[in-house]
>>> print(open('final_18.csv').read())   # CSV, C-alpha atoms
chain,number,residue,atom,x,y,z
A,22,MET,CA,-10.8,-34.2,8.8
A,23,LYS,CA,-7.3,-34.8,7.4
A,24,VAL,CA,-4.8,-32.0,6.8
A,25,LYS,CA,-5.0,-32.7,3.1
A,26,GLU,CA,-8.7,-32.0,3.1
A,27,TYR,CA,-8.3,-28.6,4.6
A,28,PHE,CA,-6.0,-27.6,1.8
A,29,LYS,CA,-8.2,-29.2,-0.8
A,30,ALA,CA,-11.0,-27.0,0.5
A,31,GLY,CA,-8.9,-23.8,0.9
A,32,LEU,CA,-7.1,-24.1,-2.4
A,33,TRP,CA,-9.8,-25.4,-4.6
A,34,THR,CA,-13.3,-26.7,-3.6
A,35,GLU,CA,-14.0,-23.8,-1.2
A,36,ASN,CA,-11.4,-21.3,-2.5
A,37,PRO,CA,-12.3,-18.0,-0.8
A,38,VAL,CA,-11.8,-15.9,-3.9
A,39,LEU,CA,-12.7,-18.0,-6.9
A,40,ILE,CA,-15.5,-20.1,-5.4
A,41,GLN,CA,-16.9,-18.1,-2.5
A,42,PHE,CA,-16.1,-14.6,-4.0
A,43,LEU,CA,-14.9,-13.2,-0.7
A,44,GLY,CA,-12.2,-10.7,-0.3
A,45,LEU,CA,-12.6,-9.3,-3.8
A,46,CYS,CA,-11.7,-5.8,-2.9
A,47,PRO,CA,-8.0,-6.5,-2.3
A,48,ALA,CA,-8.0,-9.1,-5.0
A,49,LEU,CA,-8.9,-6.5,-7.5
A,50,ALA,CA,-7.2,-3.4,-6.1
A,51,ILE,CA,-3.8,-4.5,-4.9
A,52,THR,CA,-2.9,-7.0,-7.5
A,53,THR,CA,-1.1,-4.6,-9.9
A,54,THR,CA,2.2,-6.3,-9.1
A,55,THR,CA,3.1,-9.8,-7.9
A,56,LEU,CA,5.0,-8.6,-4.9
A,57,ASN,CA,2.0,-6.4,-3.7
A,58,ALA,CA,-0.3,-9.4,-4.2
A,59,PHE,CA,1.9,-11.7,-2.3
A,60,THR,CA,2.4,-9.3,0.6
A,61,MET,CA,-1.4,-8.7,0.8
A,62,GLY,CA,-1.9,-12.5,0.8
A,63,LEU,CA,0.6,-13.0,3.6
A,64,CYS,CA,-0.9,-10.2,5.8
A,65,LEU,CA,-4.3,-11.7,5.4
A,66,THR,CA,-3.1,-15.2,6.1
A,67,LEU,CA,-1.4,-14.0,9.3
A,68,VAL,CA,-4.5,-12.2,10.5
A,69,LEU,CA,-6.8,-15.1,9.5
A,70,ILE,CA,-4.6,-17.7,11.4
A,71,GLY,CA,-4.6,-15.4,14.4
A,72,SER,CA,-8.3,-14.7,14.3
A,73,ASN,CA,-9.2,-18.4,13.7
A,74,VAL,CA,-7.1,-19.5,16.6
A,75,LEU,CA,-8.3,-16.9,19.0
A,76,ILE,CA,-11.9,-17.3,18.1
A,77,ALA,CA,-11.7,-21.1,18.4
A,78,LEU,CA,-9.9,-20.6,21.8
A,79,LEU,CA,-12.5,-18.2,23.1
A,80,ARG,CA,-15.6,-19.8,21.5
A,81,ARG,CA,-17.1,-20.9,24.8
A,82,LEU,CA,-16.5,-17.5,26.4
A,83,ILE,CA,-18.0,-15.4,23.6
A,84,PRO,CA,-21.7,-14.8,24.2
A,85,HIS,CA,-23.5,-16.2,21.2
A,86,HIS,CA,-25.9,-13.4,20.2
A,87,VAL,CA,-23.2,-10.7,20.3
A,88,ARG,CA,-20.5,-12.8,18.8
A,89,ILE,CA,-19.9,-10.6,15.7
A,90,ILE,CA,-18.8,-7.7,17.9
A,91,PHE,CA,-16.2,-10.0,19.5
A,92,TYR,CA,-15.0,-11.2,16.2
A,93,VAL,CA,-14.6,-7.7,14.9
A,94,LEU,CA,-12.7,-6.7,18.0
A,95,ILE,CA,-10.3,-9.6,17.7
A,96,ILE,CA,-9.9,-9.1,14.0
A,97,SER,CA,-9.3,-5.4,14.1
A,98,GLY,CA,-6.8,-5.8,17.0
A,99,LEU,CA,-4.8,-8.3,14.9
A,100,VAL,CA,-5.0,-6.0,11.9
A,101,SER,CA,-3.6,-3.1,13.9
A,102,LEU,CA,-0.8,-5.4,15.1
A,103,VAL,CA,0.1,-6.4,11.5
A,104,GLU,CA,-0.1,-2.8,10.4
A,105,MET,CA,2.3,-1.6,13.1
A,106,ILE,CA,4.8,-4.3,12.3
A,107,LEU,CA,4.6,-3.8,8.6
A,108,SER,CA,4.9,-0.1,8.7
A,109,THR,CA,7.9,-0.3,11.0
A,110,PHE,CA,10.0,-3.0,9.4
A,111,PHE,CA,8.7,-3.2,5.8
A,112,ASN,CA,7.8,0.4,5.1
A,113,ASP,CA,8.1,0.3,1.3
A,114,LEU,CA,5.6,-2.6,1.1
A,115,TYR,CA,3.4,-0.8,3.7
A,116,ASN,CA,3.3,2.3,1.5
A,117,ALA,CA,2.6,0.2,-1.6
A,118,LEU,CA,-0.4,-1.5,0.1
A,119,GLY,CA,-1.6,1.8,1.5
A,120,ILE,CA,-5.3,1.8,2.7
A,121,PHE,CA,-5.7,-1.9,2.0
A,122,VAL,CA,-3.8,-3.0,5.1
A,123,PRO,CA,-6.3,-1.4,7.6
A,124,LEU,CA,-9.1,-2.6,5.3
A,125,ILE,CA,-8.1,-6.2,6.0
A,126,ALA,CA,-10.3,-5.8,9.1
A,127,ALA,CA,-13.3,-5.5,6.8
A,128,ASN,CA,-12.3,-8.5,4.7
A,129,GLY,CA,-15.2,-10.9,4.3
A,130,ILE,CA,-13.0,-14.0,4.5
A,131,LEU,CA,-12.2,-13.3,8.2
A,132,LEU,CA,-15.8,-13.0,9.3
A,133,ALA,CA,-16.9,-15.9,7.1
A,134,ARG,CA,-14.3,-18.2,8.6
A,135,ALA,CA,-14.9,-17.0,12.1
A,136,GLU,CA,-18.6,-17.6,11.8
A,137,THR,CA,-18.7,-20.8,9.8
A,138,PHE,CA,-15.6,-22.5,11.0
A,139,ALA,CA,-13.6,-21.2,13.9
A,140,SER,CA,-16.5,-20.7,16.3
A,141,LYS,CA,-17.6,-24.3,15.9
A,142,ASN,CA,-14.2,-26.0,16.0
A,143,LYS,CA,-11.2,-26.5,18.3
A,144,VAL,CA,-7.9,-24.6,18.1
A,145,LEU,CA,-6.0,-26.9,15.8
A,146,PRO,CA,-8.7,-27.3,13.1
A,147,GLY,CA,-9.0,-23.5,13.3
A,148,LEU,CA,-5.3,-23.0,12.7
A,149,LEU,CA,-5.3,-25.5,9.8
A,150,ASP,CA,-8.4,-23.8,8.3
A,151,GLY,CA,-6.7,-20.4,8.6
A,152,VAL,CA,-3.5,-21.6,6.9
A,153,ALA,CA,-5.4,-23.4,4.1
A,154,MET,CA,-7.8,-20.6,3.4
A,155,GLY,CA,-5.0,-18.0,3.6
A,156,CYS,CA,-3.0,-20.0,1.1
A,157,GLY,CA,-6.0,-20.3,-1.2
A,158,PHE,CA,-6.4,-16.5,-1.0
A,159,THR,CA,-2.7,-15.8,-1.5
A,160,ILE,CA,-2.3,-18.1,-4.5
A,161,VAL,CA,-5.2,-16.6,-6.3
A,162,LEU,CA,-3.9,-13.1,-5.6
A,163,VAL,CA,-0.4,-13.9,-6.7
A,164,LEU,CA,-1.8,-15.5,-9.9
A,165,VAL,CA,-3.9,-12.3,-10.6
A,166,GLY,CA,-0.9,-10.2,-9.7
A,167,LEU,CA,1.4,-12.2,-12.0
A,168,ILE,CA,-0.9,-12.0,-15.0
A,169,ARG,CA,-1.6,-8.3,-14.5
A,170,GLU,CA,2.1,-7.4,-14.0
A,171,VAL,CA,3.3,-9.4,-17.0
A,172,VAL,CA,0.5,-8.3,-19.3
A,173,GLY,CA,-0.1,-4.8,-17.9
A,174,SER,CA,3.4,-3.6,-17.1
A,175,GLY,CA,5.6,-6.0,-19.0
A,176,THR,CA,7.6,-6.8,-15.9
A,177,ILE,CA,7.9,-9.6,-13.4
A,178,PHE,CA,8.8,-8.9,-9.8
A,179,GLY,CA,9.8,-5.5,-11.0
A,180,TYR,CA,12.2,-6.7,-13.8
A,181,THR,CA,11.5,-5.8,-17.3
A,182,LEU,CA,10.5,-8.8,-19.4
A,183,PHE,CA,10.3,-7.7,-23.0
A,184,GLY,CA,11.8,-4.3,-23.6
A,185,GLY,CA,10.5,-3.4,-27.1
A,186,ILE,CA,6.8,-4.4,-26.9
A,187,SER,CA,4.6,-1.9,-25.0
A,188,PRO,CA,2.4,-3.6,-22.5
A,189,LEU,CA,-1.4,-3.6,-22.4
A,190,SER,CA,-1.7,-0.9,-19.7
A,191,VAL,CA,-5.4,-1.7,-19.2
A,192,PHE,CA,-4.4,-4.8,-17.2
A,193,ALA,CA,-2.5,-2.6,-14.7
A,194,LEU,CA,-5.7,-0.5,-14.3
A,195,PRO,CA,-8.8,-1.5,-12.3
A,196,ALA,CA,-10.6,-2.7,-15.4
A,197,GLY,CA,-7.8,-5.2,-15.9
A,198,GLY,CA,-8.3,-6.5,-12.4
A,199,PHE,CA,-11.9,-7.3,-13.1
A,200,LEU,CA,-11.0,-9.0,-16.5
A,201,THR,CA,-8.3,-11.1,-14.9
A,202,LEU,CA,-10.3,-12.2,-11.9
A,203,GLY,CA,-13.3,-12.8,-14.1
A,204,LEU,CA,-11.4,-15.0,-16.5
A,205,LEU,CA,-9.8,-16.9,-13.6
A,206,ALA,CA,-13.2,-17.5,-11.9
A,207,ALA,CA,-14.6,-18.7,-15.2
A,208,ALA,CA,-11.7,-21.1,-15.7
A,209,ALA,CA,-12.2,-22.4,-12.1
A,210,GLN,CA,-15.9,-23.0,-12.8
A,211,PHE,CA,-15.1,-24.7,-16.1
A,212,PHE,CA,-12.8,-27.2,-14.4
A,213,ARG,CA,-15.1,-27.7,-11.5
A,214,ASN,CA,-18.0,-28.5,-13.8
A,215,ARG,CA,-16.0,-30.7,-16.0
A,216,ALA,CA,-14.8,-32.6,-13.0
A,217,LYS,CA,-18.4,-33.0,-11.8
A,218,ARG,CA,-19.6,-34.1,-15.2
A,219,GLY,CA,-16.7,-36.5,-15.4
A,220,SER,CA,-17.5,-38.2,-12.2
A,221,HIS,CA,-21.2,-38.4,-13.2
A,222,ASP,CA,-20.3,-40.1,-16.5
A,223,GLY,CA,-18.1,-42.5,-14.5
A,224,THR,CA,-20.8,-43.6,-12.1
A,225,VAL,CA,-24.0,-43.6,-14.2
B,4,MET,CA,-37.4,-2.5,35.2
B,5,SER,CA,-39.2,-4.6,37.8
B,6,SER,CA,-40.9,-6.5,35.0
B,7,VAL,CA,-37.5,-7.9,34.0
B,8,SER,CA,-36.9,-10.8,36.4
B,9,GLY,CA,-33.2,-10.2,36.9
B,10,LYS,CA,-31.9,-12.8,34.5
B,11,PRO,CA,-31.6,-10.7,31.3
B,12,GLY,CA,-30.0,-8.0,33.4
B,13,ILE,CA,-27.3,-10.4,34.5
B,14,GLU,CA,-26.9,-11.6,31.0
B,15,ILE,CA,-26.3,-8.1,29.7
B,16,LEU,CA,-23.8,-7.5,32.5
B,17,ARG,CA,-22.0,-10.7,31.6
B,18,ILE,CA,-21.8,-9.7,28.0
B,19,SER,CA,-20.6,-6.2,28.9
B,20,VAL,CA,-17.9,-7.4,31.3
B,21,THR,CA,-16.6,-10.0,28.8
B,22,LEU,CA,-16.5,-7.4,26.0
B,23,ILE,CA,-14.8,-4.8,28.2
B,24,ALA,CA,-12.3,-7.4,29.4
B,25,LEU,CA,-11.4,-8.4,25.9
B,26,ALA,CA,-11.2,-4.8,24.7
B,27,VAL,CA,-8.8,-4.1,27.6
B,28,VAL,CA,-6.6,-7.1,26.7
B,29,VAL,CA,-6.5,-6.0,23.0
B,30,ALA,CA,-5.7,-2.4,24.0
B,31,VAL,CA,-2.9,-3.5,26.3
B,32,VAL,CA,-1.4,-5.7,23.7
B,33,LEU,CA,-1.6,-3.0,21.0
B,34,GLY,CA,-0.2,-0.4,23.4
B,35,ALA,CA,2.7,-2.6,24.2
B,36,VAL,CA,3.5,-3.3,20.5
B,37,HIS,CA,3.2,0.3,19.7
B,38,ALA,CA,5.6,1.3,22.5
B,39,LEU,CA,8.1,-1.2,21.0
B,40,THR,CA,7.7,-0.3,17.4
B,41,ALA,CA,7.2,3.5,17.5
B,42,PRO,CA,10.8,4.4,18.4
B,43,VAL,CA,12.2,2.0,15.8
B,44,ALA,CA,9.8,3.4,13.2
B,45,ALA,CA,10.8,7.0,14.0
B,46,ARG,CA,14.5,6.1,13.8
B,47,LEU,CA,14.2,4.2,10.5
B,48,GLU,CA,12.1,7.1,9.1
B,49,GLU,CA,14.8,9.6,10.0
B,50,GLN,CA,17.5,7.3,8.6
B,51,ARG,CA,15.6,7.0,5.3
B,52,LEU,CA,15.2,10.7,5.0
B,53,SER,CA,18.9,11.4,5.7
B,54,GLU,CA,19.9,8.7,3.1
B,55,THR,CA,17.6,10.3,0.6
B,56,LEU,CA,19.0,13.8,1.2
B,57,ASN,CA,22.6,12.6,1.2
B,58,GLY,CA,22.0,10.7,-2.0
B,59,LEU,CA,20.6,13.9,-3.6
B,60,ILE,CA,23.5,16.2,-2.6
B,61,GLU,CA,26.9,14.6,-2.5
B,62,GLY,CA,29.6,15.4,0.0
B,63,ALA,CA,27.4,17.4,2.4
B,64,ALA,CA,28.6,17.4,6.0
B,65,VAL,CA,25.4,18.9,7.4
B,66,ILE,CA,21.9,18.8,6.0
B,67,GLU,CA,19.3,20.6,8.2
B,68,GLU,CA,15.9,22.1,7.9
B,69,THR,CA,15.7,25.8,7.3
B,70,GLU,CA,12.9,28.4,7.7
B,71,GLY,CA,11.9,31.6,5.9
B,72,PHE,CA,10.7,30.0,2.7
B,73,GLU,CA,7.3,30.7,1.1
B,74,PRO,CA,4.7,28.1,2.1
B,75,SER,CA,3.4,27.9,-1.4
B,76,ILE,CA,4.6,28.9,-4.8
B,77,THR,CA,2.5,29.7,-7.9
B,78,THR,CA,3.9,28.2,-11.0
B,79,GLY,CA,2.2,27.6,-14.3
B,80,ASN,CA,-1.1,28.9,-12.8
B,81,VAL,CA,-1.1,26.2,-10.1
B,82,GLN,CA,-0.2,26.6,-6.4
B,83,VAL,CA,2.4,24.2,-5.2
B,84,PRO,CA,2.7,23.8,-1.4
B,85,VAL,CA,6.3,23.7,-0.1
B,86,LYS,CA,6.6,21.4,2.9
B,87,THR,CA,10.2,21.7,4.0
B,88,VAL,CA,13.5,23.1,2.8
B,89,TYR,CA,16.8,21.6,3.8
B,90,VAL,CA,20.1,23.3,3.4
B,91,ALA,CA,23.2,21.2,2.7
B,92,GLU,CA,26.5,22.6,3.8
B,93,ASP,CA,30.0,21.2,3.6
B,94,ALA,CA,32.4,20.9,6.5
B,95,ALA,CA,33.5,24.5,6.1
B,96,GLY,CA,30.0,25.8,6.3
B,97,ALA,CA,29.6,26.8,2.6
B,98,VAL,CA,26.2,26.1,1.1
B,99,LEU,CA,26.3,23.2,-1.3
B,100,GLY,CA,22.7,23.2,-2.2
B,101,TYR,CA,19.1,22.9,-1.1
B,102,CYS,CA,16.7,20.0,-0.9
B,103,VAL,CA,13.1,21.3,-1.3
B,104,GLU,CA,10.2,19.0,-0.4
B,105,VAL,CA,7.2,20.1,-2.5
B,106,LEU,CA,3.7,18.7,-2.8
B,107,PRO,CA,2.3,19.3,-6.3
B,108,PHE,CA,-1.1,17.9,-7.0
B,109,GLY,CA,-1.0,15.1,-9.5
B,110,TYR,CA,-3.8,13.2,-11.3
B,111,GLU,CA,-5.0,11.4,-8.1
B,112,ASP,CA,-3.4,13.0,-5.1
B,113,VAL,CA,-0.4,15.1,-4.1
B,114,ILE,CA,2.9,13.9,-5.2
B,115,ASP,CA,5.4,14.1,-2.3
B,116,MET,CA,8.8,14.9,-3.9
B,117,ILE,CA,12.2,16.2,-2.9
B,118,VAL,CA,14.0,18.4,-5.4
B,119,ALA,CA,17.7,19.0,-4.9
B,120,VAL,CA,19.1,22.3,-6.3
B,121,ASN,CA,22.8,22.9,-6.2
B,122,ALA,CA,24.6,26.1,-5.1
B,123,GLY,CA,24.5,27.3,-8.8
B,124,GLY,CA,20.7,27.2,-8.7
B,125,ALA,CA,20.5,24.2,-11.0
B,126,VAL,CA,18.4,21.1,-10.3
B,127,CYS,CA,20.7,18.1,-9.5
B,128,GLY,CA,18.3,15.4,-8.4
B,129,VAL,CA,14.7,14.6,-7.7
B,130,GLU,CA,13.4,11.9,-5.4
B,131,ILE,CA,9.7,11.0,-5.3
B,132,ILE,CA,8.7,10.1,-1.7
B,133,SER,CA,5.2,9.0,-2.4
B,134,HIS,CA,2.5,9.3,-5.1
B,135,SER,CA,-0.8,7.8,-6.0
B,136,GLU,CA,-0.6,8.2,-9.8
B,137,THR,CA,-2.2,5.6,-12.1
B,138,PRO,CA,0.0,2.5,-12.4
B,139,GLY,CA,1.3,2.0,-15.9
B,140,SER,CA,0.8,5.7,-17.0
B,141,GLY,CA,1.1,8.4,-14.4
B,142,ALA,CA,3.3,6.3,-12.2
B,143,LYS,CA,6.0,6.5,-14.9
B,144,ILE,CA,7.0,9.8,-13.4
B,145,GLU,CA,8.8,7.7,-10.8
B,146,SER,CA,9.9,4.7,-13.0
B,147,ASP,CA,10.8,6.5,-16.2
B,148,GLU,CA,14.4,7.5,-15.5
B,149,ASP,CA,14.8,9.4,-18.7
B,150,PHE,CA,11.9,11.7,-17.9
B,151,ARG,CA,12.9,12.1,-14.3
B,152,GLN,CA,16.4,13.1,-15.3
B,153,SER,CA,15.2,15.4,-18.1
B,154,VAL,CA,14.7,18.2,-15.5
B,155,TYR,CA,18.3,17.8,-14.2
B,156,GLY,CA,20.3,20.9,-15.0
B,157,LEU,CA,17.4,23.3,-15.2
B,158,ASP,CA,18.3,26.5,-13.5
B,159,ASP,CA,15.1,28.4,-14.3
B,160,THR,CA,11.4,27.4,-14.4
B,161,ALA,CA,10.5,25.3,-17.4
B,162,SER,CA,7.2,24.7,-19.2
B,163,ALA,CA,5.7,21.3,-20.0
B,164,VAL,CA,5.4,20.6,-23.7
B,165,LYS,CA,4.1,17.6,-25.7
B,166,SER,CA,6.3,18.1,-28.8
B,167,ASP,CA,9.2,15.8,-29.5
B,168,SER,CA,11.7,18.5,-29.7
B,169,ALA,CA,11.8,20.2,-26.3
B,170,GLY,CA,13.9,23.3,-26.5
B,171,LYS,CA,15.5,25.3,-23.8
B,172,GLY,CA,13.2,26.0,-20.9
B,173,GLU,CA,10.9,23.2,-22.0
B,174,VAL,CA,10.5,19.7,-20.7
B,175,GLN,CA,8.7,17.0,-22.7
B,176,VAL,CA,5.9,15.2,-20.9
B,177,ILE,CA,5.4,11.4,-20.8
B,178,SER,CA,2.9,10.6,-23.5
B,179,GLY,CA,-0.4,9.4,-22.0
B,180,ALA,CA,0.6,11.0,-18.6
B,181,THR,CA,0.4,14.7,-19.3
B,182,VAL,CA,-1.3,15.6,-16.0
B,183,SER,CA,1.2,13.6,-13.8
B,184,SER,CA,4.2,14.8,-15.8
B,185,THR,CA,3.1,18.4,-15.6
B,186,ALA,CA,2.6,18.1,-11.8
B,187,TYR,CA,6.2,16.7,-11.6
B,188,ILE,CA,7.5,19.7,-13.6
B,189,ASN,CA,5.5,22.1,-11.5
B,190,GLY,CA,7.0,20.6,-8.4
B,191,VAL,CA,10.5,21.1,-9.9
B,192,ASN,CA,9.6,24.7,-10.9
B,193,ALA,CA,8.4,25.5,-7.5
B,194,ALA,CA,11.6,24.2,-5.9
B,195,ILE,CA,13.7,26.3,-8.3
B,196,GLU,CA,11.6,29.3,-7.4
B,197,VAL,CA,11.9,28.7,-3.6
B,198,VAL,CA,15.7,28.4,-3.9
B,199,ASN,CA,15.9,31.6,-6.1
B,200,ARG,CA,14.0,33.5,-3.5
B,201,LEU,CA,16.1,32.2,-0.6
B,202,GLU,CA,19.3,33.0,-2.4
B,203,GLN,CA,18.0,36.6,-3.1
B,204,GLU,CA,17.3,37.0,0.6
B,205,VAL,CA,20.8,35.9,1.4
B,206,SER,CA,22.4,38.2,-1.1
B,207,ASN,CA,20.3,41.1,0.1
>>> encode(input="final_18.csv", output="structure tokens")
Amino acid sequence: MKVKEYFKAGLWTENPVLIQFLGLCPALAITTTTLNAFTMGLCLTLVLIGSNVLIALLRRLIPHHVRIIFYVLIISGLVSLVEMILSTFFNDLYNALGIFVPLIAANGILLARAETFASKNKVLPGLLDGVAMGCGFTIVLVLVGLIREVVGSGTIFGYTLFGGISPLSVFALPAGGFLTLGLLAAAAQFFRNRAKRGSHDGTV
Amino acid sequence: MSSVSGKPGIEILRISVTLIALAVVVAVVLGAVHALTAPVAARLEEQRLSETLNGLIEGAAVIEETEGFEPSITTGNVQVPVKTVYVAEDAAGAVLGYCVEVLPFGYEDVIDMIVAVNAGGAVCGVEIISHSETPGSGAKIESDEDFRQSVYGLDDTASAVKSDSAGKGEVQVISGATVSSTAYINGVNAAIEVVNRLEQEVSN
């Protein structure tokens, strides 16, 4: 598989959030501002790269029928690591993300990639898959965060955009998260179906 | 036990040993990282606190914790826990003011805030350390500078009002965020009360 294909899968055809609907909890909860969304994406990407590499590396050592325990152990260790570093050096961001940093350990994307990809592949493909899937997750989160921040709070990266108009606060609230993510997923499905139909029309 | 012909036993042993070995590795790595980051985190935390306190009371030579304050203050029919009280003194040892860390209960959770009261008994600054108020409404207690500063200068407990024309001893709440605003005002009231009582003790 070429590098390009990993990214095509991660960003679009197998996008963890919009297509596989994994990791929805942070995608809904933490995306009130763009910066929070980006930090969350970055943290998950780091953990995902680490877990994919380690699991690919240890795949022959991990006993098959208790593999999930090993995955969870590796993932939670990495999450604790990221948490310690984040809380020490980026305390403001750590406070903003709150409970969602330790909850990365329970993120479906990590177990899904470990089970379906890293445990069956070598280290380098595992690494590439981690980077690509992490990017796919981060981009969707940033997109949701951007929409919610602009519409819900009238700011972008904390700077006020349009002073006079009061923003649609609902987009800053949980309901707005569902609306934004739902609309984005619908849009993704629309383009996917159109592309599919287009290729059918071309061949038939 | 004798019915098991040895093999499954060895398999279980192998799994256990692998799992324990991996757990030990994870624990050692985490322990090492913690040992490295914990002192840095503690130092940065202290630095942040002292920056906050020095920002609240200008020109203080010494700011240190004091004791003998009430652990909780009842204001506006609610109890407000008092976490710490800092006394700020100038180089000559005269009291410049107090910083009172109070924990009023907001809409979601406690609001951790430090209220600075000068030697004259008037509020001269408020810093919110952490809160979990609703983004876009309750969270305005932190971002809305006009509201935050509307309590500056208060030298006696004030009541929260919704009317446009807040008179003396009244503070106008943020519209749509009455509960959070009231919690903020209660926190300020409690701090004023704490300082009043401390001052009385000193003059007695």
>>> closest_atom_pairs(input="final_18.csv", of="chain A", to="chain B", cutoff="10 Å", atoms="all atoms listed in the file", output="JSON lines")
{"residue": "A:Thr53", "atom": "CA", "partner": "B:Pro138", "partner_atom": "CA", "distance": 7.6}
{"residue": "A:Thr54", "atom": "CA", "partner": "B:Pro138", "partner_atom": "CA", "distance": 9.7}
{"residue": "A:Leu82", "atom": "CA", "partner": "B:Thr21", "partner_atom": "CA", "distance": 7.9}
{"residue": "A:Ile83", "atom": "CA", "partner": "B:Thr21", "partner_atom": "CA", "distance": 7.6}
{"residue": "A:Pro84", "atom": "CA", "partner": "B:Ile18", "partner_atom": "CA", "distance": 6.4}
{"residue": "A:His85", "atom": "CA", "partner": "B:Ile18", "partner_atom": "CA", "distance": 9.6}
{"residue": "A:His86", "atom": "CA", "partner": "B:Ile18", "partner_atom": "CA", "distance": 9.6}
{"residue": "A:Val87", "atom": "CA", "partner": "B:Ile18", "partner_atom": "CA", "distance": 7.9}
{"residue": "A:Arg88", "atom": "CA", "partner": "B:Ile18", "partner_atom": "CA", "distance": 9.8}
{"residue": "A:Ile90", "atom": "CA", "partner": "B:Leu22", "partner_atom": "CA", "distance": 8.4}
{"residue": "A:Phe91", "atom": "CA", "partner": "B:Leu22", "partner_atom": "CA", "distance": 7.0}
{"residue": "A:Leu94", "atom": "CA", "partner": "B:Ala26", "partner_atom": "CA", "distance": 7.1}
{"residue": "A:Ile95", "atom": "CA", "partner": "B:Val29", "partner_atom": "CA", "distance": 7.4}
{"residue": "A:Ser97", "atom": "CA", "partner": "B:Val29", "partner_atom": "CA", "distance": 9.3}
{"residue": "A:Gly98", "atom": "CA", "partner": "B:Val29", "partner_atom": "CA", "distance": 6.0}
{"residue": "A:Leu99", "atom": "CA", "partner": "B:Val29", "partner_atom": "CA", "distance": 8.6}
{"residue": "A:Ser101", "atom": "CA", "partner": "B:Leu33", "partner_atom": "CA", "distance": 7.4}
{"residue": "A:Leu102", "atom": "CA", "partner": "B:Leu33", "partner_atom": "CA", "distance": 6.4}
{"residue": "A:Met105", "atom": "CA", "partner": "B:His37", "partner_atom": "CA", "distance": 6.9}
{"residue": "A:Ile106", "atom": "CA", "partner": "B:Thr40", "partner_atom": "CA", "distance": 7.1}
{"residue": "A:Leu107", "atom": "CA", "partner": "B:Thr40", "partner_atom": "CA", "distance": 10.0}
{"residue": "A:Ser108", "atom": "CA", "partner": "B:Ala44", "partner_atom": "CA", "distance": 7.5}
{"residue": "A:Thr109", "atom": "CA", "partner": "B:Ala44", "partner_atom": "CA", "distance": 4.7}
{"residue": "A:Phe110", "atom": "CA", "partner": "B:Ala44", "partner_atom": "CA", "distance": 7.4}
{"residue": "A:Phe111", "atom": "CA", "partner": "B:Ala44", "partner_atom": "CA", "distance": 10.0}
{"residue": "A:Asn112", "atom": "CA", "partner": "B:Ala44", "partner_atom": "CA", "distance": 8.9}
{"residue": "A:Asp113", "atom": "CA", "partner": "B:Ser133", "partner_atom": "CA", "distance": 9.9}
{"residue": "A:Asn116", "atom": "CA", "partner": "B:Ser133", "partner_atom": "CA", "distance": 8.0}
{"residue": "A:Ala117", "atom": "CA", "partner": "B:Ser133", "partner_atom": "CA", "distance": 9.2}
{"residue": "A:Gly119", "atom": "CA", "partner": "B:Ser135", "partner_atom": "CA", "distance": 9.6}
{"residue": "A:Glu170", "atom": "CA", "partner": "B:Gly139", "partner_atom": "CA", "distance": 9.6}
{"residue": "A:Gly173", "atom": "CA", "partner": "B:Gly139", "partner_atom": "CA", "distance": 7.2}
{"residue": "A:Ser174", "atom": "CA", "partner": "B:Gly139", "partner_atom": "CA", "distance": 6.1}
{"residue": "A:Gly175", "atom": "CA", "partner": "B:Gly139", "partner_atom": "CA", "distance": 9.6}
{"residue": "A:Pro188", "atom": "CA", "partner": "B:Gly139", "partner_atom": "CA", "distance": 8.7}
{"residue": "A:Leu189", "atom": "CA", "partner": "B:Gly139", "partner_atom": "CA", "distance": 9.0}
{"residue": "A:Ser190", "atom": "CA", "partner": "B:Gly139", "partner_atom": "CA", "distance": 5.6}
{"residue": "A:Val191", "atom": "CA", "partner": "B:Gly139", "partner_atom": "CA", "distance": 8.3}
{"residue": "A:Phe192", "atom": "CA", "partner": "B:Gly139", "partner_atom": "CA", "distance": 9.0}
{"residue": "A:Ala193", "atom": "CA", "partner": "B:Gly139", "partner_atom": "CA", "distance": 6.1}
{"residue": "A:Leu194", "atom": "CA", "partner": "B:Pro138", "partner_atom": "CA", "distance": 6.7}
{"residue": "A:Pro195", "atom": "CA", "partner": "B:Pro138", "partner_atom": "CA", "distance": 9.7}
>>> atom_distance(input="final_18.csv", atom1="atom CA of B:Ala161", atom2="atom CA of B:Asn199")
14.0 Å
>>> closest_residue(input="final_18.csv", among="A:Asn142, A:Gln41, A:Asn73, A:Asn57", to="A:Met22", atoms="only C-alpha atoms")
A:Asn142
>>> residues_around(input="final_18.csv", residues="B:Gly128", least_positions_apart="4", cutoff="12 Å", atoms="only C-alpha atoms", output="VMD selection string")
chain B and resid 55 to 61 100 to 104 116 to 121 148 151 to 157 191 194 to 195
>>> residues_around(input="final_18.csv", residues="B:Tyr187", least_positions_apart="6", cutoff="10 Å", atoms="only C-alpha atoms", output="compact mmCIF listing (two decimals) with C-alpha atoms, in the coordinates of the input")
# COMPACT_ATOMS: atom_id res chain seq x y z
CA VAL B 105 7.20 20.10 -2.50
CA LEU B 106 3.70 18.70 -2.80
CA PRO B 107 2.30 19.30 -6.30
CA PHE B 108 -1.10 17.90 -7.00
CA GLY B 109 -1.00 15.10 -9.50
CA ILE B 114 2.90 13.90 -5.20
CA ASP B 115 5.40 14.10 -2.30
CA MET B 116 8.80 14.90 -3.90
CA VAL B 129 14.70 14.60 -7.70
CA ILE B 131 9.70 11.00 -5.30
CA ILE B 144 7.00 9.80 -13.40
CA GLU B 145 8.80 7.70 -10.80
CA PHE B 150 11.90 11.70 -17.90
CA ARG B 151 12.90 12.10 -14.30
CA VAL B 154 14.70 18.20 -15.50
CA ALA B 163 5.70 21.30 -20.00
CA VAL B 176 5.90 15.20 -20.90
CA THR B 181 0.40 14.70 -19.30
CA ALA B 193 8.40 25.50 -7.50
